[in-house]
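Student: Before anything else, here's the structure in question.
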Amino acid sequence: MEPERLRRRLGSAFRLRGLLLRADALKYLTEALQSVSEVELDNVIENVIDAVEKQPLSSNMIEQSTVEAAVQECSQASDETILSMTNFPVPNLFGTARDKAELFRERYSILQQRTHRHELFTPSAVVAHPDDSRSKFQLKTIETLLGNTTKVGEVIVLGMITQLKEGKFFLEDPTGVVQLDLSKAISFFYDFHSGLYTESCFVLAEGWYEDEVFHVNAFGFPPTEPSATTRGFYGNVNFFGGPSSASVKASAKLKQLEDENEDAMFVFLSDVWLDQAEVLEKLHTMFSGYSSAPPTCFFFCGNFSSAPYGKNQIQSLKGSLKALADIICEYPSIHKSSRFVFVPGPEDPGPGSILPRPPLAENITEEFRQLVPFSVFTTNPCRIQYCTQEIIIFREDLVNKMCRNCVRFPNSNMDIPNHFVKTILSQGHLTPLPLYVSPVYWAYDYALRVYPVPDMLVIADKYDPFTVTNTDCLCINPGSFPRSGFSFKVFYPSNKTVEDR
């Protein structure tokens with residue numbers, strides 16, 4: 001590889017880990033890795049950085065002696081040289097180190113593109129009046145700030161809030177990382193002031209840079225973008241998923257079917273504790289009320305047990321599902337006409353709390369599926385395509401978790417649901433939280449994206465029920481069925497309205 005290109009890759013790789021190479025250290029590494037093949041280079045660089053981070057570092061500026069020790073350690077570990085790396089990586093559900101880096105890089109790229117398309121950040125091709133250009137803002141990268149030795153004022157940077165040292169916050173983007181001074185930070189831009197600012201969320205930070213510190217005057221989220229605007233740039237590409245490579249939102253036939261089927265109805269319930277006799281009794285009452293006009297689909301979100309049962313949980317859940325199937329079979333009209341979708345909760349049997357969660361195991365649901373053929377046990381989150389409408393359903397107790405992890409709690413008069421919905425849609429992601437707070441399978445982070453904005457977002461949370469519309473997206477929380485007085489939400493797709501029951 002060409003020395004100049006290798007130097008750029010080394011510098012970029014170290015910056016992504018919050019490290020900076022001195023000139024002599026960069027020169028040494030460039031010479032040491034000159035003969036490494038393109039295929040092996042990324043793995044070699046990752047191993048060197050890991051070895052560097054194991055050493056006691058007084059700052060993020062890496063000296064040549066530190067790099068030399070890291071290279072020597074890698075060489076000894078491989079029995080031959082640093083260049084002998086495996087060519088047969090074992091498939092891993094948790095992904096590779098590159099997957100973790102790509103996870104945040106892709107989130108950043110999506111938000112950067114969206115921000116540049118916003119009218120406040122898009123320079124006019126022709127300025128009709130000299131004053132028109134003054135309302136435009138220009139994004140700067142952190143690399144631009146780090147390259148200055150003098151004070152840089154009035155800049156806006158898009159980056160991710162991180163806490164690399166306890167009690168000290170930093171702003172990070174693909175070009176570098178800079179320490180933040182938040183003592184004067186306030187919300188800014190009348191359109192973007194609301195939200196829950198958590199660690200690992202991306203923000204637009206406005207302020208000045210001096211003495212290697214970025215002093216923040218104001219914080220704001222990247223502007224949200226309606227689905228129609230996004231599709232105007234990307235055409236008929238299917239971002240949502242499903243069998244078709246093209247989006248079905250533009251289908252005239254499906255739109256006609258959607259409008260004509262005025263009786264279509266979706267029922268959403270969360271925390272359906274099937275081990276509680278009172279819950280089964282209320283479900284009995286609900287099915288009885290809908291037996292004359294069966295809904296199109298019932299969406300049952302976990303947890304499906306009121307408390308973990310340890311080694312007996314699976315057997316108990318199988319019995320509870322059998323009881324629910326028996327109740328459904330008592331109403332032939334619902335049994336034959338309605339569909340049933342089950343979304344697992346955080347405490348249901350499965351591989352821990354890492355997202356996305358797989359469906360409930362087949363050995364648990366087998367008997368239920370035989371009794372109720374029109375049932376689907378899906379992942380969490382899951383995506384539903386109804387005619388031209390895109391619906392995302394996510395079961396997670398997220399509201400309180402995000403409030404607990406706020407860098408600065410909102411001081412406006414808006415209520416928490418509006419702040420919460422604004423944050424999710426602005427971030428384009430269901431869990432804008434640190435990975436140690438909300439773990440994600442690195443290689444499957446794309447399953448949690450909310451981009452383009454769907455028609456409907458269902459966040460099944462134990463927080464109080466709410467219905468919020470933001471950026472042409474209807475966001476609802478049915479609330480906990482047992483805790484909220486057995487209330488639930490009903491959605492009518494033909495006119496996109498929601499009723500509380």
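Please note that chains go A, B, ... in the order of the structure tokens, that every chain numbers its residues from 1, and that ligands are numbered from 1 in the order shown.
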Using DSSP assignments from the backbone, pull out every residue in region 196-345 of chain A that falls under helix (DSSP H, G or I) and give it to me as a VMD selection string.

Tutor: chain A and resid 227 to 234 252 to 260 277 to 290 310 to 329 332 to 337

Student: Name all residues at most 6 Å from region 10-27 of chain A (count only C-alpha atoms; drop same-chain ones fewer than 2 positions away) and give them as a ChimeraX atom specification.

Tutor: /A:7-8,29-30,60-64,176-177

Student: Just write the chosen residues, N, CA and C atoms, as a compact mmCIF listing (two decimals), in the first residue's frame.

Tutor:
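That gives us out.txt:
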# COMPACT_ATOMS: atom_id res chain seq x y z
N ARG A 7 -0.72 6.01 5.96
CA ARG A 7 -0.67 6.98 7.06
C ARG A 7 -2.08 7.50 7.38
N ARG A 8 -2.86 7.78 6.34
CA ARG A 8 -4.22 8.28 6.56
C ARG A 8 -5.08 7.25 7.29
N LEU A 29 5.08 3.32 12.51
CA LEU A 29 4.01 2.36 12.19
C LEU A 29 3.85 2.19 10.69
N THR A 30 3.97 3.27 9.95
CA THR A 30 3.84 3.20 8.48
C THR A 30 4.91 2.28 7.90
N ASN A 60 -3.90 11.08 25.52
CA ASN A 60 -4.31 10.40 24.28
C ASN A 60 -3.31 10.62 23.15
N MET A 61 -2.20 11.31 23.43
CA MET A 61 -1.15 11.51 22.43
C MET A 61 -0.15 10.35 22.55
N ILE A 62 -0.02 9.53 21.51
CA ILE A 62 0.76 8.29 21.55
C ILE A 62 2.18 8.54 21.05
N GLU A 63 3.17 8.16 21.90
CA GLU A 63 4.58 8.33 21.57
C GLU A 63 5.09 7.12 20.78
N GLN A 64 6.27 7.28 20.13
CA GLN A 64 6.86 6.19 19.35
C GLN A 64 7.20 4.99 20.24
N GLY A 176 -12.37 12.71 14.73
CA GLY A 176 -11.66 12.95 15.97
C GLY A 176 -12.58 13.10 17.16
N VAL A 177 -11.99 13.50 18.30
CA VAL A 177 -12.74 13.66 19.54
C VAL A 177 -12.22 14.89 20.27

Student: Which residues come within 10 Å of Tyr197 (chain A), counting only C-alpha atoms, excluding same-chain residues fewer than 5 positions away, as an mmCIF file with N, CA and C atoms, in the first residue's frame?

Tutor:
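The resulting file, around29.cif, is reproduced below:
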data_model
loop_
_atom_site.group_PDB
_atom_site.id
_atom_site.type_symbol
_atom_site.label_atom_id
_atom_site.label_comp_id
_atom_site.auth_asym_id
_atom_site.auth_seq_id
_atom_site.Cartn_x
_atom_site.Cartn_y
_atom_site.Cartn_z
ATOM 1 N N ILE A 161 -22.186 12.497 21.773
ATOM 2 C CA ILE A 161 -21.766 12.769 23.143
ATOM 3 C C ILE A 161 -21.220 11.485 23.763
ATOM 4 N N PHE A 202 -26.475 11.742 19.099
ATOM 5 C CA PHE A 202 -25.810 12.708 18.223
ATOM 6 C C PHE A 202 -26.490 14.072 18.361
ATOM 7 N N VAL A 203 -25.674 15.112 18.433
ATOM 8 C CA VAL A 203 -26.200 16.455 18.655
ATOM 9 C C VAL A 203 -25.532 17.440 17.712
ATOM 10 N N PHE A 219 -27.155 23.364 22.579
ATOM 11 C CA PHE A 219 -27.311 22.010 22.079
ATOM 12 C C PHE A 219 -28.595 21.915 21.262
ATOM 13 N N GLY A 220 -28.593 21.093 20.246
ATOM 14 C CA GLY A 220 -29.808 20.791 19.498
ATOM 15 C C GLY A 220 -29.665 19.445 18.827
ATOM 16 N N PHE A 221 -30.787 18.854 18.467
ATOM 17 C CA PHE A 221 -30.748 17.581 17.756
ATOM 18 C C PHE A 221 -30.678 17.816 16.249
ATOM 19 N N MET A 402 -34.107 6.343 29.384
ATOM 20 C CA MET A 402 -33.521 7.521 28.739
ATOM 21 C C MET A 402 -33.518 8.726 29.684
ATOM 22 N N CYS A 403 -34.572 8.856 30.487
ATOM 23 C CA CYS A 403 -34.609 9.966 31.446
ATOM 24 C C CYS A 403 -33.491 9.830 32.477
ATOM 25 N N ASN A 405 -30.621 8.538 32.042
ATOM 26 C CA ASN A 405 -29.296 8.701 31.440
ATOM 27 C C ASN A 405 -29.136 10.026 30.701
ATOM 28 N N CYS A 406 -29.968 10.999 31.032
ATOM 29 C CA CYS A 406 -29.870 12.318 30.395
ATOM 30 C C CYS A 406 -28.604 13.036 30.858
ATOM 31 N N VAL A 407 -27.909 13.632 29.904
ATOM 32 C CA VAL A 407 -26.792 14.511 30.230
ATOM 33 C C VAL A 407 -27.317 15.784 30.877
ATOM 34 N N ARG A 408 -28.402 16.285 30.323
ATOM 35 C CA ARG A 408 -29.081 17.456 30.892
ATOM 36 C C ARG A 408 -30.573 17.277 30.692
ATOM 37 N N PHE A 409 -31.322 17.230 31.778
ATOM 38 C CA PHE A 409 -32.766 17.001 31.689
ATOM 39 C C PHE A 409 -33.435 18.238 31.090
ATOM 40 N N PRO A 410 -34.448 18.055 30.242
ATOM 41 C CA PRO A 410 -35.087 19.205 29.584
ATOM 42 C C PRO A 410 -35.720 20.159 30.590
ATOM 43 N N HIS A 419 -40.850 14.908 24.340
ATOM 44 C CA HIS A 419 -39.382 14.908 24.341
ATOM 45 C C HIS A 419 -38.857 13.562 23.844
ATOM 46 N N PHE A 420 -39.464 12.506 24.324
ATOM 47 C CA PHE A 420 -39.014 11.147 23.986
ATOM 48 C C PHE A 420 -39.165 10.871 22.488
ATOM 49 N N THR A 423 -36.721 12.766 20.365
ATOM 50 C CA THR A 423 -35.368 12.198 20.426
ATOM 51 C C THR A 423 -35.234 11.001 19.501
ATOM 52 N N PRO A 432 -31.011 5.310 21.359
ATOM 53 C CA PRO A 432 -29.846 6.213 21.346
ATOM 54 C C PRO A 432 -29.209 6.307 22.723
ATOM 55 N N LEU A 433 -28.687 5.174 23.197
ATOM 56 C CA LEU A 433 -28.108 5.074 24.531
ATOM 57 C C LEU A 433 -26.753 4.376 24.445
#

Student: Could you give me, as a PyMOL selection string, the residues within 9 Å of region 462-473 of chain A, counting only C-alpha atoms and dropping anything in the same chain fewer than 3 positions from it?

Tutor: chain A and resi 224-227+270-271+396-400+417-418+421-422+425+453-457+476-481+483-484+487-489+498+500

Student: Between A:Ala307, A:Val372, A:Val490, A:Val67, which residue has the minimum interatomic distance to Ile334 (chain A), considering only C-alpha atoms?

Tutor: A:Val372

Student: So that I can see what lies close to region 356-358 of chain A, please list as a PyMOL selection string the residues with an atom at most 8 Å from it, counting only C-alpha atoms and leaving out residues fewer than 2 positions away in the same chain.

Tutor: chain A and resi 344+350-351+353-354+360+378-381+440-441+444-445+447-448

Student: Go ahead and dump the residues you just picked, C-alpha atoms, as a short mmCIF file (atom, residue, chain, number, x, y, z; two decimals), in the first residue's frame.

Tutor:
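Saved file selection-v7.cif follows:
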data_model
loop_
_atom_site.label_atom_id
_atom_site.label_comp_id
_atom_site.auth_asym_id
_atom_site.auth_seq_id
_atom_site.Cartn_x
_atom_site.Cartn_y
_atom_site.Cartn_z
CA PRO A 344 -41.35 -10.70 23.09
CA GLY A 350 -34.54 -15.62 25.43
CA PRO A 351 -30.84 -14.76 25.16
CA SER A 353 -31.43 -8.24 27.18
CA ILE A 354 -29.42 -7.71 23.98
CA LEU A 360 -40.07 -16.89 21.49
CA THR A 378 -41.89 -12.25 15.74
CA THR A 379 -38.69 -10.49 16.75
CA ASN A 380 -38.36 -7.40 18.92
CA PRO A 381 -38.42 -4.91 17.27
CA VAL A 440 -27.06 -4.19 20.80
CA TYR A 441 -25.73 -6.94 18.56
CA TYR A 444 -27.58 -6.14 13.56
CA ASP A 445 -27.83 -2.53 14.64
CA ALA A 447 -32.68 -3.51 12.66
CA LEU A 448 -33.13 -0.67 15.19
#

Student: Report, in Å to a single decimal, how far apart CA of Ala70 (chain A) and CA of Glu38 (chain A) are.

Tutor: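 Taking CA of Glu38 (chain A) and CA of Ala70 (chain A), their separation equals 20.6 Å.
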
Student: Can you list, as a list in words, every protein, DNA or RNA residue that comes within 8 Å of region 150-158 of chain A when you count only C-alpha atoms, leaving out same-chain residues fewer than 4 positions away?

Tutor: Gln112, Phe137, Gln138, Leu139, Lys140, Thr141, Ile142, Leu145, Asp173, Phe202, Val203, Leu204, Ala205, Glu206, Gly207, Trp208, Tyr209, Glu210, Asp211 and Pro222 of chain A

Student: Please, which residues in region 410-501 of chain A fall within 9 Å of region 243-261 of chain A when counting only C-alpha atoms, and what is the closest atom pair and distance in Å to one decimal for each, ordered by chain then residue number, as CSV?

Tutor:
residue,atom,partner,partner_atom,distance
A:Pro493,CA,A:Glu258,CA,7.3
A:Ser494,CA,A:Asp259,CA,5.1
A:Asn495,CA,A:Asp259,CA,7.8

Student: Considering only C-alpha atoms, state which residue in the set A:Cys382, A:Leu269, A:Val376, A:Leu317 is at the smallest distance from Ile364 (chain A).

Tutor: A:Leu317

Student: What does the distance from CA of Gly310 (chain A) to CA of Leu283 (chain A) come to in Å, to one decimal?

Tutor: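 Spanning CA of Gly310 (chain A) to CA of Leu283 (chain A) is a straight-line distance of 25.8 Å.
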
Student: Quick check, in Å to one decimal: how far apart do CA of Thr96 (chain A) and CA of Gly167 (chain A) lie?

Tutor: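 Pair CA of Thr96 (chain A) / CA of Gly167 (chain A) returns 28.9 Å.
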